[in-house]
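The structure file run-v3.pdb is reproduced below (PDB, C-alpha atoms, pLDDT in the B column).
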ATOM      1  CA  GLN S   1      10.752  -4.105  -6.562  1.00 67.00           C
ATOM      2  CA  VAL S   2      12.837  -6.397  -8.719  1.00 69.00           C
ATOM      3  CA  GLN S   3      15.847  -7.988  -7.072  1.00 90.00           C
ATOM      4  CA  LEU S   4      19.018  -9.068  -8.747  1.00 95.00           C
ATOM      5  CA  MET S   5      21.176 -11.087  -6.409  1.00 96.00           C
ATOM      6  CA  GLU S   6      24.891 -11.213  -7.028  1.00 98.00           C
ATOM      7  CA  SER S   7      27.141 -13.537  -5.041  1.00 98.00           C
ATOM      8  CA  GLY S   8      30.530 -15.196  -5.067  1.00 98.00           C
ATOM      9  CA  GLY S   9      32.817 -12.257  -4.424  1.00 98.00           C
ATOM     10  CA  GLY S  10      35.581 -12.160  -1.881  1.00 98.00           C
ATOM     11  CA  LEU S  11      39.267 -11.627  -1.294  1.00 98.00           C
ATOM     12  CA  VAL S  12      41.548 -13.364  -3.775  1.00 98.00           C
ATOM     13  CA  GLN S  13      45.251 -13.180  -4.455  1.00 98.00           C
ATOM     14  CA  PRO S  14      46.587 -11.936  -7.771  1.00 98.00           C
ATOM     15  CA  GLY S  15      46.541 -14.764 -10.256  1.00 98.00           C
ATOM     16  CA  GLY S  16      43.706 -16.510  -8.473  1.00 98.00           C
ATOM     17  CA  SER S  17      40.155 -17.291  -9.533  1.00 98.00           C
ATOM     18  CA  LEU S  18      36.606 -16.534  -8.477  1.00 98.00           C
ATOM     19  CA  ARG S  19      33.217 -17.478  -9.839  1.00 98.00           C
ATOM     20  CA  LEU S  20      30.433 -14.946  -9.524  1.00 98.00           C
ATOM     21  CA  SER S  21      26.753 -15.792  -9.825  1.00 98.00           C
ATOM     22  CA  CYS S  22      23.705 -13.635 -10.299  1.00 98.00           C
ATOM     23  CA  VAL S  23      20.106 -14.744  -9.992  1.00 97.00           C
ATOM     24  CA  VAL S  24      17.869 -12.493 -12.051  1.00 95.00           C
ATOM     25  CA  PRO S  25      14.087 -12.099 -12.037  1.00 93.00           C
ATOM     26  CA  GLY S  26      12.564 -13.721 -15.082  1.00 92.00           C
ATOM     27  CA  THR S  27      11.022 -10.444 -16.209  1.00 91.00           C
ATOM     28  CA  ILE S  28      14.525  -9.091 -16.712  1.00 91.00           C
ATOM     29  CA  PHE S  29      16.327 -12.241 -17.746  1.00 93.00           C
ATOM     30  CA  SER S  30      14.125 -13.907 -20.318  1.00 92.00           C
ATOM     31  CA  GLY S  31      15.167 -13.208 -23.883  1.00 93.00           C
ATOM     32  CA  ASN S  32      17.461 -10.352 -22.927  1.00 95.00           C
ATOM     33  CA  THR S  33      21.142  -9.767 -23.271  1.00 97.00           C
ATOM     34  CA  MET S  34      22.638  -9.779 -19.800  1.00 98.00           C
ATOM     35  CA  ALA S  35      25.878  -8.266 -18.604  1.00 98.00           C
ATOM     36  CA  TRP S  36      28.320  -8.057 -15.780  1.00 98.00           C
ATOM     37  CA  TYR S  37      29.315  -4.554 -14.728  1.00 98.00           C
ATOM     38  CA  ARG S  38      31.830  -3.379 -12.188  1.00 98.00           C
ATOM     39  CA  GLN S  39      32.453  -0.224 -10.259  1.00 98.00           C
ATOM     40  CA  ALA S  40      35.736   0.573  -8.587  1.00 96.00           C
ATOM     41  CA  PRO S  41      35.968   3.289  -5.923  1.00 91.00           C
ATOM     42  CA  GLY S  42      35.756   6.719  -7.504  1.00 94.00           C
ATOM     43  CA  ASN S  43      34.880   5.314 -10.916  1.00 95.00           C
ATOM     44  CA  GLN S  44      31.683   4.932 -12.873  1.00 95.00           C
ATOM     45  CA  ARG S  45      30.032   1.580 -13.357  1.00 96.00           C
ATOM     46  CA  ASP S  46      31.306  -0.012 -16.560  1.00 96.00           C
ATOM     47  CA  VAL S  47      30.387  -3.138 -18.446  1.00 97.00           C
ATOM     48  CA  VAL S  48      32.813  -6.042 -18.199  1.00 97.00           C
ATOM     49  CA  ALA S  49      31.152  -8.603 -20.429  1.00 98.00           C
ATOM     50  CA  PHE S  50      27.752  -9.327 -21.879  1.00 98.00           C
ATOM     51  CA  ILE S  51      26.010 -12.404 -23.169  1.00 98.00           C
ATOM     52  CA  THR S  52      23.071 -12.655 -25.524  1.00 97.00           C
ATOM     53  CA  SER S  53      20.049 -14.883 -25.009  1.00 94.00           C
ATOM     54  CA  SER S  54      21.694 -17.383 -27.356  1.00 94.00           C
ATOM     55  CA  SER S  55      24.913 -17.255 -25.305  1.00 94.00           C
ATOM     56  CA  ASP S  56      27.088 -15.225 -27.632  1.00 97.00           C
ATOM     57  CA  ALA S  57      29.543 -13.430 -25.369  1.00 98.00           C
ATOM     58  CA  ILE S  58      31.471 -10.195 -25.765  1.00 98.00           C
ATOM     59  CA  TYR S  59      34.238  -8.988 -23.455  1.00 98.00           C
ATOM     60  CA  THR S  60      36.013  -5.739 -22.813  1.00 98.00           C
ATOM     61  CA  ASP S  61      39.685  -5.661 -23.676  1.00 97.00           C
ATOM     62  CA  SER S  62      40.683  -5.571 -20.027  1.00 97.00           C
ATOM     63  CA  VAL S  63      39.183  -8.985 -19.239  1.00 98.00           C
ATOM     64  CA  ARG S  64      39.195 -10.831 -22.554  1.00 98.00           C
ATOM     65  CA  GLY S  65      41.011 -14.121 -22.220  1.00 98.00           C
ATOM     66  CA  ARG S  66      40.736 -14.106 -18.425  1.00 98.00           C
ATOM     67  CA  PHE S  67      37.011 -13.908 -17.703  1.00 98.00           C
ATOM     68  CA  THR S  68      34.211 -16.070 -19.054  1.00 98.00           C
ATOM     69  CA  VAL S  69      30.539 -15.174 -18.896  1.00 98.00           C
ATOM     70  CA  ALA S  70      27.861 -17.843 -19.080  1.00 98.00           C
ATOM     71  CA  ARG S  71      24.133 -18.108 -18.500  1.00 97.00           C
ATOM     72  CA  ASP S  72      21.699 -20.797 -17.455  1.00 96.00           C
ATOM     73  CA  ASN S  73      18.358 -19.903 -18.964  1.00 94.00           C
ATOM     74  CA  ALA S  74      16.559 -22.551 -16.934  1.00 94.00           C
ATOM     75  CA  LYS S  75      17.769 -20.979 -13.696  1.00 96.00           C
ATOM     76  CA  ASN S  76      17.628 -17.289 -14.712  1.00 96.00           C
ATOM     77  CA  THR S  77      21.243 -17.087 -13.652  1.00 97.00           C
ATOM     78  CA  ILE S  78      24.387 -15.665 -15.155  1.00 98.00           C
ATOM     79  CA  TYR S  79      27.925 -16.425 -14.126  1.00 98.00           C
ATOM     80  CA  LEU S  80      31.308 -14.801 -14.394  1.00 98.00           C
ATOM     81  CA  GLN S  81      34.334 -17.039 -14.132  1.00 98.00           C
ATOM     82  CA  MET S  82      37.282 -14.839 -13.258  1.00 98.00           C
ATOM     83  CA  ASN S  83      40.732 -16.289 -13.794  1.00 98.00           C
ATOM     84  CA  SER S  84      44.176 -14.733 -13.532  1.00 98.00           C
ATOM     85  CA  VAL S  85      42.713 -11.860 -11.557  1.00 98.00           C
ATOM     86  CA  MET S  86      44.704  -8.690 -11.104  1.00 98.00           C
ATOM     87  CA  PRO S  87      44.535  -5.882  -8.512  1.00 97.00           C
ATOM     88  CA  GLU S  88      42.809  -3.672 -11.077  1.00 97.00           C
ATOM     89  CA  ASP S  89      39.905  -6.135 -11.102  1.00 98.00           C
ATOM     90  CA  THR S  90      39.045  -4.964  -7.585  1.00 98.00           C
ATOM     91  CA  ALA S  91      35.524  -3.564  -7.692  1.00 98.00           C
ATOM     92  CA  ILE S  92      31.918  -4.209  -6.839  1.00 98.00           C
ATOM     93  CA  TYR S  93      30.436  -6.451  -9.513  1.00 98.00           C
ATOM     94  CA  TYR S  94      26.830  -6.174 -10.646  1.00 98.00           C
ATOM     95  CA  CYS S  95      24.679  -7.923 -13.189  1.00 98.00           C
ATOM     96  CA  ASN S  96      21.850  -6.456 -15.207  1.00 97.00           C
ATOM     97  CA  LYS S  97      20.453  -6.135 -18.680  1.00 96.00           C
ATOM     98  CA  PHE S  98      22.639  -4.803 -21.448  1.00 97.00           C
ATOM     99  CA  PRO S  99      22.755  -2.047 -22.405  1.00 95.00           C
ATOM    100  CA  ALA S 100      22.165  -0.148 -19.183  1.00 92.00           C
ATOM    101  CA  VAL S 101      19.840   2.611 -20.365  1.00 90.00           C
ATOM    102  CA  GLY S 102      17.112   4.496 -18.616  1.00 88.00           C
ATOM    103  CA  HIS S 103      16.018   3.691 -15.116  1.00 89.00           C
ATOM    104  CA  MET S 104      17.170   0.277 -13.996  1.00 89.00           C
ATOM    105  CA  ASP S 105      17.000  -1.387 -10.627  1.00 91.00           C
ATOM    106  CA  TRP S 106      20.326  -2.717  -9.397  1.00 94.00           C
ATOM    107  CA  GLY S 107      21.222  -5.332  -6.844  1.00 95.00           C
ATOM    108  CA  GLN S 108      23.666  -4.907  -3.994  1.00 96.00           C
ATOM    109  CA  GLY S 109      26.536  -6.230  -6.036  1.00 97.00           C
ATOM    110  CA  THR S 110      29.313  -8.463  -4.819  1.00 98.00           C
ATOM    111  CA  GLN S 111      32.683  -7.143  -3.731  1.00 98.00           C
ATOM    112  CA  VAL S 112      35.784  -8.554  -5.371  1.00 98.00           C
ATOM    113  CA  THR S 113      39.103  -7.607  -3.822  1.00 98.00           C
ATOM    114  CA  VAL S 114      42.340  -8.727  -5.420  1.00 98.00           C
ATOM    115  CA  SER S 115      45.239  -8.338  -3.059  1.00 97.00           C
ATOM    116  CA  SER S 116      48.186 -10.249  -1.707  1.00 95.00           C
TER     117      SER S 116
END

This entry written out as structure tokens:
Amino acid sequence: QVQLMESGGGLVQPGGSLRLSCVVPGTIFSGNTMAWYRQAPGNQRDVVAFITSSSDAIYTDSVRGRFTVARDNAKNTIYLQMNSVMPEDTAIYYCNKFPAVGHMDWGQGTQVTVSS
């Protein structure tokens, strides 16, 4: 079973920053567009940002200008730098290939809670 391992979440105050990391098996990572997704309680899992194998990045409107996605192809790792976080950013964050179609294995995710 493939394992994606997200880390870096935690409790942060509004306006603060966090850096998420995700180590991805090479079979998933190599040559593929990778994405960060998030799922808030009661909501579906939605994409937050994705990054191509050549590091072109696209962001959803809700995070553009605040979040930055990056990847290290040598380490099979993607990152999400979260700045100026807001309470509505509270969710479990996952990484995986983009787009998320068909059966896909998911990691445990990392919980991000934005609260004062």

To one decimal in Å, tell me the separation between atom CA of S:Arg19 and atom CA of S:Ala100.
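Atom CA of S:Ala100 lies 22.6 Å from atom CA of S:Arg19.
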
Starting from the displayed file, determine the output of the PyMOL selection byres ((chain S and resi 48-60) around 6) and express the residue list as an MDAnalysis selection string.
chainID S and resid 31:37 47 61:64

Just checking: using all atoms listed in the file, which residue out of S:Glu6, S:Asp46, S:Asp89, S:Asp72 ends up closest to S:Leu20?
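Nearest to S:Leu20: S:Glu6.
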
Give me the result of the PyMOL selection byres ((chain S and resi 79-88) around 7) on this file, residue by residue, as a PDB file with C-alpha atoms, in the frame of the given file.
ATOM      1  CA  PRO S  14      46.587 -11.936  -7.771  1.00 98.00           C
ATOM      2  CA  GLY S  15      46.541 -14.764 -10.256  1.00 98.00           C
ATOM      3  CA  GLY S  16      43.706 -16.510  -8.473  1.00 98.00           C
ATOM      4  CA  SER S  17      40.155 -17.291  -9.533  1.00 98.00           C
ATOM      5  CA  LEU S  18      36.606 -16.534  -8.477  1.00 98.00           C
ATOM      6  CA  ARG S  19      33.217 -17.478  -9.839  1.00 98.00           C
ATOM      7  CA  LEU S  20      30.433 -14.946  -9.524  1.00 98.00           C
ATOM      8  CA  SER S  21      26.753 -15.792  -9.825  1.00 98.00           C
ATOM      9  CA  CYS S  22      23.705 -13.635 -10.299  1.00 98.00           C
ATOM     10  CA  ARG S  66      40.736 -14.106 -18.425  1.00 98.00           C
ATOM     11  CA  PHE S  67      37.011 -13.908 -17.703  1.00 98.00           C
ATOM     12  CA  THR S  68      34.211 -16.070 -19.054  1.00 98.00           C
ATOM     13  CA  VAL S  69      30.539 -15.174 -18.896  1.00 98.00           C
ATOM     14  CA  ALA S  70      27.861 -17.843 -19.080  1.00 98.00           C
ATOM     15  CA  ARG S  71      24.133 -18.108 -18.500  1.00 97.00           C
ATOM     16  CA  THR S  77      21.243 -17.087 -13.652  1.00 97.00           C
ATOM     17  CA  ILE S  78      24.387 -15.665 -15.155  1.00 98.00           C
ATOM     18  CA  ASP S  89      39.905  -6.135 -11.102  1.00 98.00           C
ATOM     19  CA  THR S  90      39.045  -4.964  -7.585  1.00 98.00           C
ATOM     20  CA  VAL S 114      42.340  -8.727  -5.420  1.00 98.00           C
ATOM     21  CA  SER S 115      45.239  -8.338  -3.059  1.00 97.00           C
TER      22      SER S 115
END

What are the centre and the three edge lengths of an axis-aligned box that wraps all atoms of stretch 19-26 of chain S in the file, given that 4 Å is added to every side, written as lines of an AutoDock Vina configuration file and rounded to one decimal in Å?
center_x = 22.9
center_y = -14.8
center_z = -12.3
size_x = 28.7
size_y = 13.4
size_z = 13.6

Suppose a student applies the PyMOL selection byres ((chain S and resi 110) around 10) to this structure; what residues should they get, written as a list in words?
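Taken on the displayed file, the PyMOL selection byres ((chain S and resi 110) around 10) yields the residues Met5, Glu6, Ser7, Gly8, Gly9, Gly10, Leu20, Ser21, Cys22, Arg38, Ala91, Ile92, Tyr93, Tyr94, Cys95, Gly107, Gln108, Gly109, Gln111, Val112 and Thr113 of chain S.
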
For the selection you just gave me, I'd like the residues written to a file as an mmCIF file, in the frame of the given file, keeping C-alpha atoms.
data_model
loop_
_atom_site.group_PDB
_atom_site.id
_atom_site.type_symbol
_atom_site.label_atom_id
_atom_site.label_comp_id
_atom_site.auth_asym_id
_atom_site.auth_seq_id
_atom_site.Cartn_x
_atom_site.Cartn_y
_atom_site.Cartn_z
ATOM 1 C CA MET S 5 21.176 -11.087 -6.409
ATOM 2 C CA GLU S 6 24.891 -11.213 -7.028
ATOM 3 C CA SER S 7 27.141 -13.537 -5.041
ATOM 4 C CA GLY S 8 30.530 -15.196 -5.067
ATOM 5 C CA GLY S 9 32.817 -12.257 -4.424
ATOM 6 C CA GLY S 10 35.581 -12.160 -1.881
ATOM 7 C CA LEU S 20 30.433 -14.946 -9.524
ATOM 8 C CA SER S 21 26.753 -15.792 -9.825
ATOM 9 C CA CYS S 22 23.705 -13.635 -10.299
ATOM 10 C CA ARG S 38 31.830 -3.379 -12.188
ATOM 11 C CA ALA S 91 35.524 -3.564 -7.692
ATOM 12 C CA ILE S 92 31.918 -4.209 -6.839
ATOM 13 C CA TYR S 93 30.436 -6.451 -9.513
ATOM 14 C CA TYR S 94 26.830 -6.174 -10.646
ATOM 15 C CA CYS S 95 24.679 -7.923 -13.189
ATOM 16 C CA GLY S 107 21.222 -5.332 -6.844
ATOM 17 C CA GLN S 108 23.666 -4.907 -3.994
ATOM 18 C CA GLY S 109 26.536 -6.230 -6.036
ATOM 19 C CA GLN S 111 32.683 -7.143 -3.731
ATOM 20 C CA VAL S 112 35.784 -8.554 -5.371
ATOM 21 C CA THR S 113 39.103 -7.607 -3.822
#

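Nearest residue to S:Val23 among S:Lys75, S:His103, S:Lys97, S:Arg45 is S:Lys75, counting all atoms listed in the file.
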
What is the distance between atom CA of S:Ala40 and atom CA of S:Asn73, in Å to one decimal?
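About the pair atom CA of S:Ala40 and atom CA of S:Asn73: they are 28.8 Å apart.
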
To one decimal in Å, tell me the separation between atom CA of S:Phe29 and atom CA of S:Gly42.
29.0 Å

All heavy atoms modelled onto stretch 91-102 of chain S, as a tab-separated table (two decimals), in the coordinates of the input:
chain	number	residue	atom	x	y	z
S	91	ALA	N	36.72	-4.38	-7.45
S	91	ALA	CA	35.52	-3.56	-7.69
S	91	ALA	C	34.32	-4.27	-7.10
S	91	ALA	O	34.41	-5.43	-6.67
S	91	ALA	CB	35.31	-3.35	-9.19
S	92	ILE	N	33.20	-3.57	-7.10
S	92	ILE	CA	31.92	-4.21	-6.84
S	92	ILE	C	31.36	-4.64	-8.19
S	92	ILE	O	31.31	-3.83	-9.13
S	92	ILE	CB	30.94	-3.27	-6.12
S	92	ILE	CG1	31.54	-2.81	-4.79
S	92	ILE	CG2	29.61	-3.98	-5.89
S	92	ILE	CD1	30.69	-1.77	-4.07
S	93	TYR	N	30.95	-5.89	-8.27
S	93	TYR	CA	30.44	-6.45	-9.51
S	93	TYR	C	28.92	-6.57	-9.45
S	93	TYR	O	28.36	-7.05	-8.46
S	93	TYR	CB	31.07	-7.81	-9.78
S	93	TYR	CG	32.50	-7.69	-10.26
S	93	TYR	CD1	33.51	-7.30	-9.40
S	93	TYR	CD2	32.84	-7.95	-11.59
S	93	TYR	CE1	34.82	-7.16	-9.84
S	93	TYR	CE2	34.14	-7.83	-12.04
S	93	TYR	CZ	35.13	-7.42	-11.16
S	93	TYR	OH	36.43	-7.30	-11.61
S	94	TYR	N	28.27	-6.14	-10.52
S	94	TYR	CA	26.83	-6.17	-10.65
S	94	TYR	C	26.44	-6.89	-11.93
S	94	TYR	O	27.20	-6.91	-12.90
S	94	TYR	CB	26.26	-4.75	-10.73
S	94	TYR	CG	26.60	-3.83	-9.59
S	94	TYR	CD1	27.77	-3.08	-9.61
S	94	TYR	CD2	25.72	-3.68	-8.52
S	94	TYR	CE1	28.07	-2.21	-8.57
S	94	TYR	CE2	26.02	-2.81	-7.48
S	94	TYR	CZ	27.19	-2.08	-7.51
S	94	TYR	OH	27.49	-1.22	-6.49
S	95	CYS	N	25.23	-7.41	-11.94
S	95	CYS	CA	24.68	-7.92	-13.19
S	95	CYS	C	23.41	-7.14	-13.50
S	95	CYS	O	22.76	-6.60	-12.62
S	95	CYS	CB	24.39	-9.41	-13.10
S	95	CYS	SG	23.00	-9.84	-12.06
S	96	ASN	N	23.08	-7.10	-14.77
S	96	ASN	CA	21.85	-6.46	-15.21
S	96	ASN	C	21.71	-6.63	-16.72
S	96	ASN	O	22.57	-7.21	-17.37
S	96	ASN	CB	21.83	-4.97	-14.85
S	96	ASN	CG	20.44	-4.50	-14.43
S	96	ASN	OD1	19.45	-4.88	-15.05
S	96	ASN	ND2	20.37	-3.71	-13.38
S	97	LYS	N	20.63	-6.10	-17.23
S	97	LYS	CA	20.45	-6.14	-18.68
S	97	LYS	C	21.53	-5.29	-19.35
S	97	LYS	O	22.13	-4.41	-18.75
S	97	LYS	CB	19.09	-5.55	-19.06
S	97	LYS	CG	17.91	-6.40	-18.70
S	97	LYS	CD	16.64	-5.91	-19.40
S	97	LYS	CE	16.31	-4.49	-19.05
S	97	LYS	NZ	15.02	-4.07	-19.65
S	98	PHE	N	21.74	-5.61	-20.63
S	98	PHE	CA	22.64	-4.80	-21.45
S	98	PHE	C	21.89	-4.37	-22.70
S	98	PHE	O	21.22	-5.18	-23.31
S	98	PHE	CB	23.88	-5.61	-21.83
S	98	PHE	CG	24.85	-4.85	-22.68
S	98	PHE	CD1	25.78	-4.01	-22.09
S	98	PHE	CD2	24.80	-4.94	-24.06
S	98	PHE	CE1	26.66	-3.29	-22.86
S	98	PHE	CE2	25.68	-4.22	-24.85
S	98	PHE	CZ	26.61	-3.39	-24.25
S	99	PRO	N	22.01	-3.12	-23.06
S	99	PRO	CA	22.76	-2.05	-22.40
S	99	PRO	C	22.01	-1.48	-21.20
S	99	PRO	O	20.82	-1.67	-21.07
S	99	PRO	CB	22.90	-0.99	-23.51
S	99	PRO	CG	21.69	-1.18	-24.37
S	99	PRO	CD	21.42	-2.66	-24.34
S	100	ALA	N	22.75	-0.77	-20.37
S	100	ALA	CA	22.16	-0.15	-19.18
S	100	ALA	C	21.68	1.24	-19.56
S	100	ALA	O	22.42	2.21	-19.51
S	100	ALA	CB	23.20	-0.07	-18.07
S	101	VAL	N	20.41	1.33	-19.95
S	101	VAL	CA	19.84	2.61	-20.36
S	101	VAL	C	18.58	2.88	-19.56
S	101	VAL	O	17.89	1.96	-19.12
S	101	VAL	CB	19.53	2.62	-21.88
S	101	VAL	CG1	20.81	2.50	-22.68
S	101	VAL	CG2	18.58	1.50	-22.25
S	102	GLY	N	18.30	4.14	-19.36
S	102	GLY	CA	17.11	4.50	-18.62
S	102	GLY	C	17.20	4.07	-17.17
S	102	GLY	O	18.27	3.72	-16.65
